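The structure file data27.cif is reproduced below (mmCIF, C-alpha atoms).
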```
data_entry
#
loop_
_atom_site.label_atom_id
_atom_site.label_comp_id
_atom_site.auth_asym_id
_atom_site.auth_seq_id
_atom_site.Cartn_x
_atom_site.Cartn_y
_atom_site.Cartn_z
CA GLY A 5 -59.22 36.14 92.18
CA ASP A 6 -60.62 39.07 90.28
CA SER A 7 -58.11 41.21 88.43
CA VAL A 8 -57.60 43.71 85.63
CA THR A 9 -54.73 43.72 83.17
CA GLN A 10 -54.09 46.98 81.42
CA MET A 11 -51.91 47.99 78.53
CA GLU A 12 -48.52 49.25 79.64
CA GLY A 13 -47.61 52.82 78.97
CA PRO A 14 -46.61 55.46 78.54
CA VAL A 15 -48.42 56.27 75.34
CA THR A 16 -47.55 59.37 73.31
CA LEU A 17 -49.79 60.47 70.47
CA SER A 18 -50.09 63.46 68.22
CA GLU A 19 -53.24 65.56 68.43
CA GLU A 20 -56.14 64.10 66.41
CA ALA A 21 -54.64 60.60 66.44
CA PHE A 22 -56.72 57.51 67.25
CA LEU A 23 -56.38 56.11 70.76
CA THR A 24 -56.78 52.55 71.99
CA ILE A 25 -55.90 51.45 75.50
CA ASN A 26 -56.35 47.73 76.04
CA CYS A 27 -57.94 46.28 79.16
CA THR A 28 -58.76 42.66 79.92
CA TYR A 29 -60.23 41.25 83.08
CA THR A 30 -60.57 38.09 85.11
CA ALA A 31 -63.64 37.73 87.26
CA THR A 32 -66.15 35.24 88.53
CA GLY A 33 -69.67 36.13 87.62
CA TYR A 34 -70.52 39.25 85.71
CA PRO A 35 -68.67 42.32 86.91
CA SER A 36 -69.31 45.96 86.14
CA LEU A 37 -66.45 47.59 84.24
CA PHE A 38 -65.19 51.13 84.51
CA TRP A 39 -62.68 53.54 83.05
CA TYR A 40 -61.38 56.27 85.33
CA VAL A 41 -59.09 59.16 84.41
CA GLN A 42 -56.62 60.95 86.66
CA TYR A 43 -55.30 64.36 85.75
CA PRO A 44 -52.06 65.57 87.35
CA GLY A 45 -52.46 66.37 91.03
CA GLU A 46 -56.06 65.21 91.16
CA GLY A 47 -58.10 62.22 92.24
CA LEU A 48 -59.76 59.78 89.89
CA GLN A 49 -62.78 60.78 87.84
CA LEU A 50 -65.23 58.35 86.31
CA LEU A 51 -64.93 58.46 82.54
CA LEU A 52 -67.41 55.76 81.55
CA LYS A 53 -68.83 52.45 82.67
CA ALA A 54 -70.68 49.36 81.45
CA THR A 55 -72.62 47.00 83.65
CA LYS A 56 -73.41 44.06 81.37
CA ALA A 57 -72.13 42.24 78.31
CA ASP A 58 -72.32 44.16 75.01
CA ASP A 59 -73.01 47.44 76.81
CA LYS A 60 -71.10 50.40 75.38
CA GLY A 61 -70.06 53.15 77.74
CA SER A 62 -69.29 56.55 76.25
CA ASN A 63 -68.35 60.01 77.44
CA LYS A 64 -66.43 63.00 76.03
CA GLY A 65 -65.72 61.13 72.80
CA PHE A 66 -64.33 58.07 74.59
CA GLU A 67 -65.97 54.68 74.16
CA ALA A 68 -65.55 51.17 75.52
CA THR A 69 -67.58 48.04 74.87
CA TYR A 70 -68.00 45.25 77.42
CA ARG A 71 -66.94 42.09 75.55
CA LYS A 72 -67.70 39.02 77.60
CA GLU A 73 -66.39 36.57 75.00
CA THR A 74 -62.93 38.17 75.05
CA THR A 75 -63.17 39.48 78.65
CA SER A 76 -62.14 42.89 77.42
CA PHE A 77 -63.10 46.54 77.85
CA HIS A 78 -60.79 48.48 75.57
CA LEU A 79 -60.90 52.28 75.65
CA GLU A 80 -61.01 54.13 72.33
CA LYS A 81 -61.20 57.69 71.10
CA GLY A 82 -61.22 58.71 67.48
CA SER A 83 -59.36 61.99 67.79
CA VAL A 84 -57.39 62.85 70.92
CA GLN A 85 -56.71 66.35 72.16
CA VAL A 86 -53.90 67.79 74.26
CA SER A 87 -56.39 68.09 77.11
CA ASP A 88 -56.79 64.28 77.13
CA SER A 89 -53.28 63.93 78.54
CA ALA A 90 -53.76 62.02 81.79
CA VAL A 91 -53.49 58.58 83.35
CA TYR A 92 -56.29 56.16 82.51
CA PHE A 93 -57.34 53.30 84.80
CA CYS A 94 -59.48 50.32 83.94
CA ALA A 95 -61.38 48.84 86.89
CA LEU A 96 -63.92 46.21 87.77
CA SER A 97 -66.31 45.57 90.58
CA GLY A 98 -68.25 42.40 90.66
CA PRO A 99 -71.02 40.62 92.47
CA ASN A 100 -68.40 38.61 94.37
CA THR A 101 -66.25 41.58 95.37
CA GLY A 102 -68.74 43.47 97.46
CA ASN A 103 -68.03 47.09 96.72
CA GLN A 104 -64.30 46.51 96.29
CA PHE A 105 -62.87 47.82 93.05
CA TYR A 106 -59.92 46.22 91.32
CA PHE A 107 -57.85 48.64 89.28
CA GLY A 108 -55.37 48.14 86.50
CA THR A 109 -51.92 49.68 86.77
CA GLY A 110 -52.87 52.75 84.77
CA THR A 111 -51.78 53.95 81.34
CA SER A 112 -50.20 57.35 81.00
CA LEU A 113 -51.24 59.22 77.87
CA THR A 114 -49.45 62.29 76.55
CA VAL A 115 -50.89 64.10 73.55
CA ILE A 116 -48.55 66.47 71.75
CA PRO A 117 -49.73 69.34 69.53
CA LYS B 14 -73.98 68.18 95.19
CA ALA B 15 -70.58 68.75 96.70
CA GLY B 16 -68.01 66.12 95.83
CA VAL B 17 -65.90 63.97 98.07
CA THR B 18 -63.61 66.07 100.22
CA GLN B 19 -60.42 64.98 101.91
CA THR B 20 -58.35 66.75 104.52
CA PRO B 21 -55.60 67.55 104.76
CA ARG B 22 -54.41 67.66 101.16
CA TYR B 23 -50.74 67.41 102.05
CA LEU B 24 -48.97 66.05 105.07
CA ILE B 25 -45.37 65.56 106.10
CA LYS B 26 -44.56 63.22 108.97
CA THR B 27 -41.51 61.44 110.32
CA ARG B 28 -41.00 57.73 110.81
CA GLY B 29 -42.68 56.34 113.88
CA GLN B 30 -45.35 58.99 114.06
CA GLN B 31 -49.00 58.37 113.44
CA VAL B 32 -51.39 60.16 111.13
CA THR B 33 -55.14 60.56 110.73
CA LEU B 34 -56.73 61.39 107.39
CA SER B 35 -60.32 62.49 106.97
CA CYS B 36 -62.86 61.96 104.22
CA SER B 37 -66.34 63.42 103.79
CA PRO B 38 -68.40 61.53 101.23
CA ILE B 39 -70.96 62.89 98.84
CA SER B 40 -74.18 63.66 100.68
CA GLY B 41 -76.35 60.55 100.85
CA HIS B 42 -73.51 58.13 100.15
CA ARG B 43 -73.10 55.55 102.87
CA SER B 44 -70.13 53.60 101.54
CA VAL B 45 -66.60 54.95 101.88
CA SER B 46 -63.54 53.15 100.51
CA TRP B 47 -59.88 53.99 100.98
CA TYR B 48 -57.05 53.35 98.54
CA GLN B 49 -53.30 53.81 98.62
CA GLN B 50 -51.70 54.95 95.39
CA THR B 51 -47.95 54.65 94.82
CA PRO B 52 -45.88 54.67 91.62
CA GLY B 53 -44.65 51.14 92.28
CA GLN B 54 -47.82 49.41 93.43
CA GLY B 55 -50.51 51.45 91.74
CA LEU B 56 -53.92 51.66 93.38
CA GLN B 57 -54.34 49.29 96.27
CA PHE B 58 -57.56 48.81 98.21
CA LEU B 59 -57.27 49.42 101.95
CA PHE B 60 -60.80 49.00 103.30
CA GLU B 61 -64.43 49.90 102.86
CA TYR B 62 -66.92 51.11 105.43
CA PHE B 63 -70.66 51.01 105.17
CA SER B 64 -73.00 52.19 107.90
CA GLU B 65 -70.13 52.49 110.38
CA THR B 66 -69.01 48.89 109.80
CA GLN B 67 -65.94 47.69 107.97
CA ARG B 68 -67.30 45.59 105.14
CA ASN B 69 -64.19 44.81 103.12
CA LYS B 70 -60.51 44.85 103.90
CA GLY B 71 -57.46 44.75 101.68
CA ASN B 72 -54.11 43.19 102.39
CA PHE B 73 -52.49 45.82 104.59
CA PRO B 74 -50.92 45.46 108.03
CA GLY B 75 -52.82 46.29 111.17
CA ARG B 76 -51.06 49.66 111.38
CA PHE B 77 -53.69 50.82 108.91
CA SER B 78 -57.09 51.26 110.45
CA GLY B 79 -60.21 53.23 109.84
CA ARG B 80 -63.60 54.09 111.10
CA GLN B 81 -66.81 55.63 109.93
CA PHE B 82 -69.11 57.93 111.82
CA SER B 83 -72.89 58.07 111.86
CA ASN B 84 -72.84 60.93 109.32
CA SER B 85 -70.81 58.66 106.96
CA ARG B 86 -67.64 60.68 107.33
CA SER B 87 -64.64 58.43 107.58
CA GLU B 88 -61.18 58.61 109.04
CA MET B 89 -58.14 56.54 108.28
CA ASN B 90 -55.29 56.13 110.73
CA VAL B 91 -51.77 54.91 110.13
CA SER B 92 -49.66 54.24 113.20
CA THR B 93 -45.89 53.84 113.45
CA LEU B 94 -45.29 55.37 110.05
CA GLU B 95 -42.70 53.85 107.74
CA LEU B 96 -40.96 55.43 104.76
CA GLY B 97 -42.92 53.11 102.49
CA ASP B 98 -46.18 54.63 103.66
CA SER B 99 -45.45 57.72 101.56
CA ALA B 100 -48.27 57.75 99.05
CA LEU B 101 -51.40 59.42 97.79
CA TYR B 102 -54.34 58.23 99.88
CA LEU B 103 -57.61 58.34 98.04
CA CYS B 104 -61.07 58.14 99.47
CA ALA B 105 -64.07 57.16 97.37
CA SER B 106 -67.76 57.15 98.18
CA SER B 107 -70.70 55.40 96.61
CA SER B 108 -74.38 55.01 97.27
CA THR B 109 -74.37 51.21 97.32
CA SER B 110 -76.57 49.45 99.79
CA GLY B 111 -75.24 45.97 99.10
CA GLY B 112 -76.75 45.49 95.67
CA PRO B 113 -74.96 45.68 92.30
CA PRO B 114 -71.70 47.63 92.25
CA GLU B 115 -72.21 51.37 92.11
CA THR B 116 -69.84 53.93 90.71
CA GLN B 117 -67.23 55.13 93.17
CA TYR B 118 -66.59 58.87 93.30
CA PHE B 119 -63.11 59.86 94.36
CA GLY B 120 -61.79 62.75 96.37
CA PRO B 121 -58.63 64.66 95.43
CA GLY B 122 -56.52 62.64 97.83
CA THR B 123 -54.16 63.31 100.70
CA ARG B 124 -50.51 63.22 99.76
CA LEU B 125 -48.48 61.85 102.68
CA LEU B 126 -44.72 62.14 102.80
CA VAL B 127 -42.88 60.23 105.50
CA LEU B 128 -39.34 61.39 106.23
#
```

Take the structure in this file and express it as structure tokens.
Amino acid sequence: GDSVTQMEGPVTLSEEAFLTINCTYTATGYPSLFWYVQYPGEGLQLLLKATKADDKGSNKGFEATYRKETTSFHLEKGSVQVSDSAVYFCALSGPNTGNQFYFGTGTSLTVIP
Amino acid sequence: KAGVTQTPRYLIKTRGQQVTLSCSPISGHRSVSWYQQTPGQGLQFLFEYFSETQRNKGNFPGRFSGRQFSNSRSEMNVSTLELGDSALYLCASSSTSGGPPETQYFGPGTRLLVL
């Protein structure tokens, strides 16, 4: 069935460091891919999304490119800030899943000054 | 537009009791999904309602049920609570009408503690 595999955490970085969080997926057909972020005590917020191969989603300095050939959707940011400390979830929803989303296990990021 | 709202935000119950959680979607959104989030299992899909009908269901026992009203508001019920039901319950709404997947917008969640 459809699934998402996400890089294990936790990840600790210094401010201004480069961030990569790996995400790979398994799906039949062509899913839409998403990154959500969860700040402490809150629900999930959409960070970015891509709906077809080679699309790049971007928001708040974060980027991810939908790579069909490697079934990946890695999240990157060139220079992290303390305020980026949160848990990041990769997710997919595909034409065969109805509106059901499949989430990765989440990667906790802590950015230290 | 107002976001997804969930009530109550926090709840403490004892084993064997039942609980009802409420979710009001973003205005105009007709799809409401429910998720259970726990440290051990992560985010697990419970069910999705669209136009008052359950359209998708995850792998949870029958103690977990839901419904959706004509105004798209949704309720989730858990009967005969168990300790393992302690979790953050998240509701998400989207505007999908059965076409390509639409973004889901999440509420802040209801944190349930079962003692």

Spatial neighbours of range 96-99 of chain B, max dist 8 Å, only C-alpha atoms, sep filter under 4 positions, as an MDAnalysis selection string: chainID B and resid 28 51 124:128

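For the atom pair formed by CA of Thr16 in chain A and CA of Val115 in chain A, the distance is 5.8 Å, given to one decimal.
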
d(CA of Glu46 in chain A, CA of Arg43 in chain B) in Å: 22.8 Å

With the file shown as input, list the residues that the PyMOL selection byres ((chain A) within 10 of (chain B)) selects, as a PyMOL selection string. chain A and resi 35-38+40+42+45-50+52-53+55+93+96-110

Would you mind exporting C-alpha atoms of the selected residues as a short mmCIF file (atom, residue, chain, number, x, y, z; two decimals), in the coordinates of the input?
```cif
data_model
loop_
_atom_site.label_atom_id
_atom_site.label_comp_id
_atom_site.auth_asym_id
_atom_site.auth_seq_id
_atom_site.Cartn_x
_atom_site.Cartn_y
_atom_site.Cartn_z
CA PRO A 35 -68.67 42.32 86.91
CA SER A 36 -69.31 45.96 86.14
CA LEU A 37 -66.45 47.59 84.24
CA PHE A 38 -65.19 51.13 84.51
CA TYR A 40 -61.38 56.27 85.33
CA GLN A 42 -56.62 60.95 86.66
CA GLY A 45 -52.46 66.37 91.03
CA GLU A 46 -56.06 65.21 91.16
CA GLY A 47 -58.10 62.22 92.24
CA LEU A 48 -59.76 59.78 89.89
CA GLN A 49 -62.78 60.78 87.84
CA LEU A 50 -65.23 58.35 86.31
CA LEU A 52 -67.41 55.76 81.55
CA LYS A 53 -68.83 52.45 82.67
CA THR A 55 -72.62 47.00 83.65
CA PHE A 93 -57.34 53.30 84.80
CA LEU A 96 -63.92 46.21 87.77
CA SER A 97 -66.31 45.57 90.58
CA GLY A 98 -68.25 42.40 90.66
CA PRO A 99 -71.02 40.62 92.47
CA ASN A 100 -68.40 38.61 94.37
CA THR A 101 -66.25 41.58 95.37
CA GLY A 102 -68.74 43.47 97.46
CA ASN A 103 -68.03 47.09 96.72
CA GLN A 104 -64.30 46.51 96.29
CA PHE A 105 -62.87 47.82 93.05
CA TYR A 106 -59.92 46.22 91.32
CA PHE A 107 -57.85 48.64 89.28
CA GLY A 108 -55.37 48.14 86.50
CA THR A 109 -51.92 49.68 86.77
CA GLY A 110 -52.87 52.75 84.77
#
```

Taking the file above as input, evaluate the PyMOL selection byres ((chain B and resi 74) around 12) and report the hits as an mmCIF file with C-alpha atoms, in the coordinates of the input.
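Full text of out.cif as output:
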```
data_model
loop_
_atom_site.group_PDB
_atom_site.id
_atom_site.type_symbol
_atom_site.label_atom_id
_atom_site.label_comp_id
_atom_site.auth_asym_id
_atom_site.auth_seq_id
_atom_site.Cartn_x
_atom_site.Cartn_y
_atom_site.Cartn_z
ATOM 1 C CA LEU B 59 -57.270 49.420 101.950
ATOM 2 C CA PHE B 60 -60.800 49.000 103.300
ATOM 3 C CA LYS B 70 -60.510 44.850 103.900
ATOM 4 C CA GLY B 71 -57.460 44.750 101.680
ATOM 5 C CA ASN B 72 -54.110 43.190 102.390
ATOM 6 C CA PHE B 73 -52.490 45.820 104.590
ATOM 7 C CA GLY B 75 -52.820 46.290 111.170
ATOM 8 C CA ARG B 76 -51.060 49.660 111.380
ATOM 9 C CA PHE B 77 -53.690 50.820 108.910
ATOM 10 C CA SER B 78 -57.090 51.260 110.450
ATOM 11 C CA ASN B 90 -55.290 56.130 110.730
ATOM 12 C CA VAL B 91 -51.770 54.910 110.130
ATOM 13 C CA SER B 92 -49.660 54.240 113.200
ATOM 14 C CA THR B 93 -45.890 53.840 113.450
ATOM 15 C CA LEU B 94 -45.290 55.370 110.050
ATOM 16 C CA GLU B 95 -42.700 53.850 107.740
ATOM 17 C CA ASP B 98 -46.180 54.630 103.660
#
```

May I have the residues within 8 Å of Val84 in chain A as a VMD selection string, using all atoms listed in the file and disregarding those fewer than 2 positions away in the same chain? chain A and resid 17 to 23 81 to 82 86 88 115

Excluding Val91 in chain A and its own-chain neighbours fewer than 6 positions away, which residues fall within 8 Å of it when counting all atoms listed in the file? Please give them as a PDB file with C-alpha atoms, keeping the file's coordinate frame.
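Saved to out05.pdb:
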```pdb
ATOM      1  CA  VAL A  41     -59.090  59.160  84.410  1.00  0.00           C
ATOM      2  CA  GLN A  42     -56.620  60.950  86.660  1.00  0.00           C
ATOM      3  CA  TYR A  43     -55.300  64.360  85.750  1.00  0.00           C
ATOM      4  CA  GLY A 110     -52.870  52.750  84.770  1.00  0.00           C
ATOM      5  CA  THR A 111     -51.780  53.950  81.340  1.00  0.00           C
ATOM      6  CA  SER A 112     -50.200  57.350  81.000  1.00  0.00           C
ATOM      7  CA  LEU A 113     -51.240  59.220  77.870  1.00  0.00           C
TER       8      LEU A 113
END
```

Using the chain letters and residue numbers of this document, give as a short mmCIF file (atom, residue, chain, number, x, y, z; two decimals) with C-alpha atoms, keeping the file's coordinate frame the residues selected by the PyMOL selection byres ((chain B and resi 80) around 8).
```cif
data_model
loop_
_atom_site.label_atom_id
_atom_site.label_comp_id
_atom_site.auth_asym_id
_atom_site.auth_seq_id
_atom_site.Cartn_x
_atom_site.Cartn_y
_atom_site.Cartn_z
CA TYR B 62 -66.92 51.11 105.43
CA GLU B 65 -70.13 52.49 110.38
CA THR B 66 -69.01 48.89 109.80
CA GLN B 67 -65.94 47.69 107.97
CA SER B 78 -57.09 51.26 110.45
CA GLY B 79 -60.21 53.23 109.84
CA GLN B 81 -66.81 55.63 109.93
CA PHE B 82 -69.11 57.93 111.82
CA SER B 87 -64.64 58.43 107.58
CA GLU B 88 -61.18 58.61 109.04
CA MET B 89 -58.14 56.54 108.28
#
```

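In terms of minimum interatomic distance to His42 in chain B, B:Ser83 ranks closest within B:Gln19, B:Gly29, B:Ala100, B:Ser83, counting all atoms listed in the file.
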
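Taking all atoms listed in the file into account, Ser85 in chain B lies nearest to B:Ser37 out of the set B:Ser37, B:Gln30, B:Ser108, B:Thr20.
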
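What separates CA of Asn63 in chain A from CA of Gly41 in chain B is a distance of 24.7 Å.
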
Please identify all polymer residues within 6 Å of Arg71 in chain A, counting only C-alpha atoms, omitting same-chain residues fewer than 2 positions from it, and present them as a ChimeraX atom specification. /A:57-58,73-76
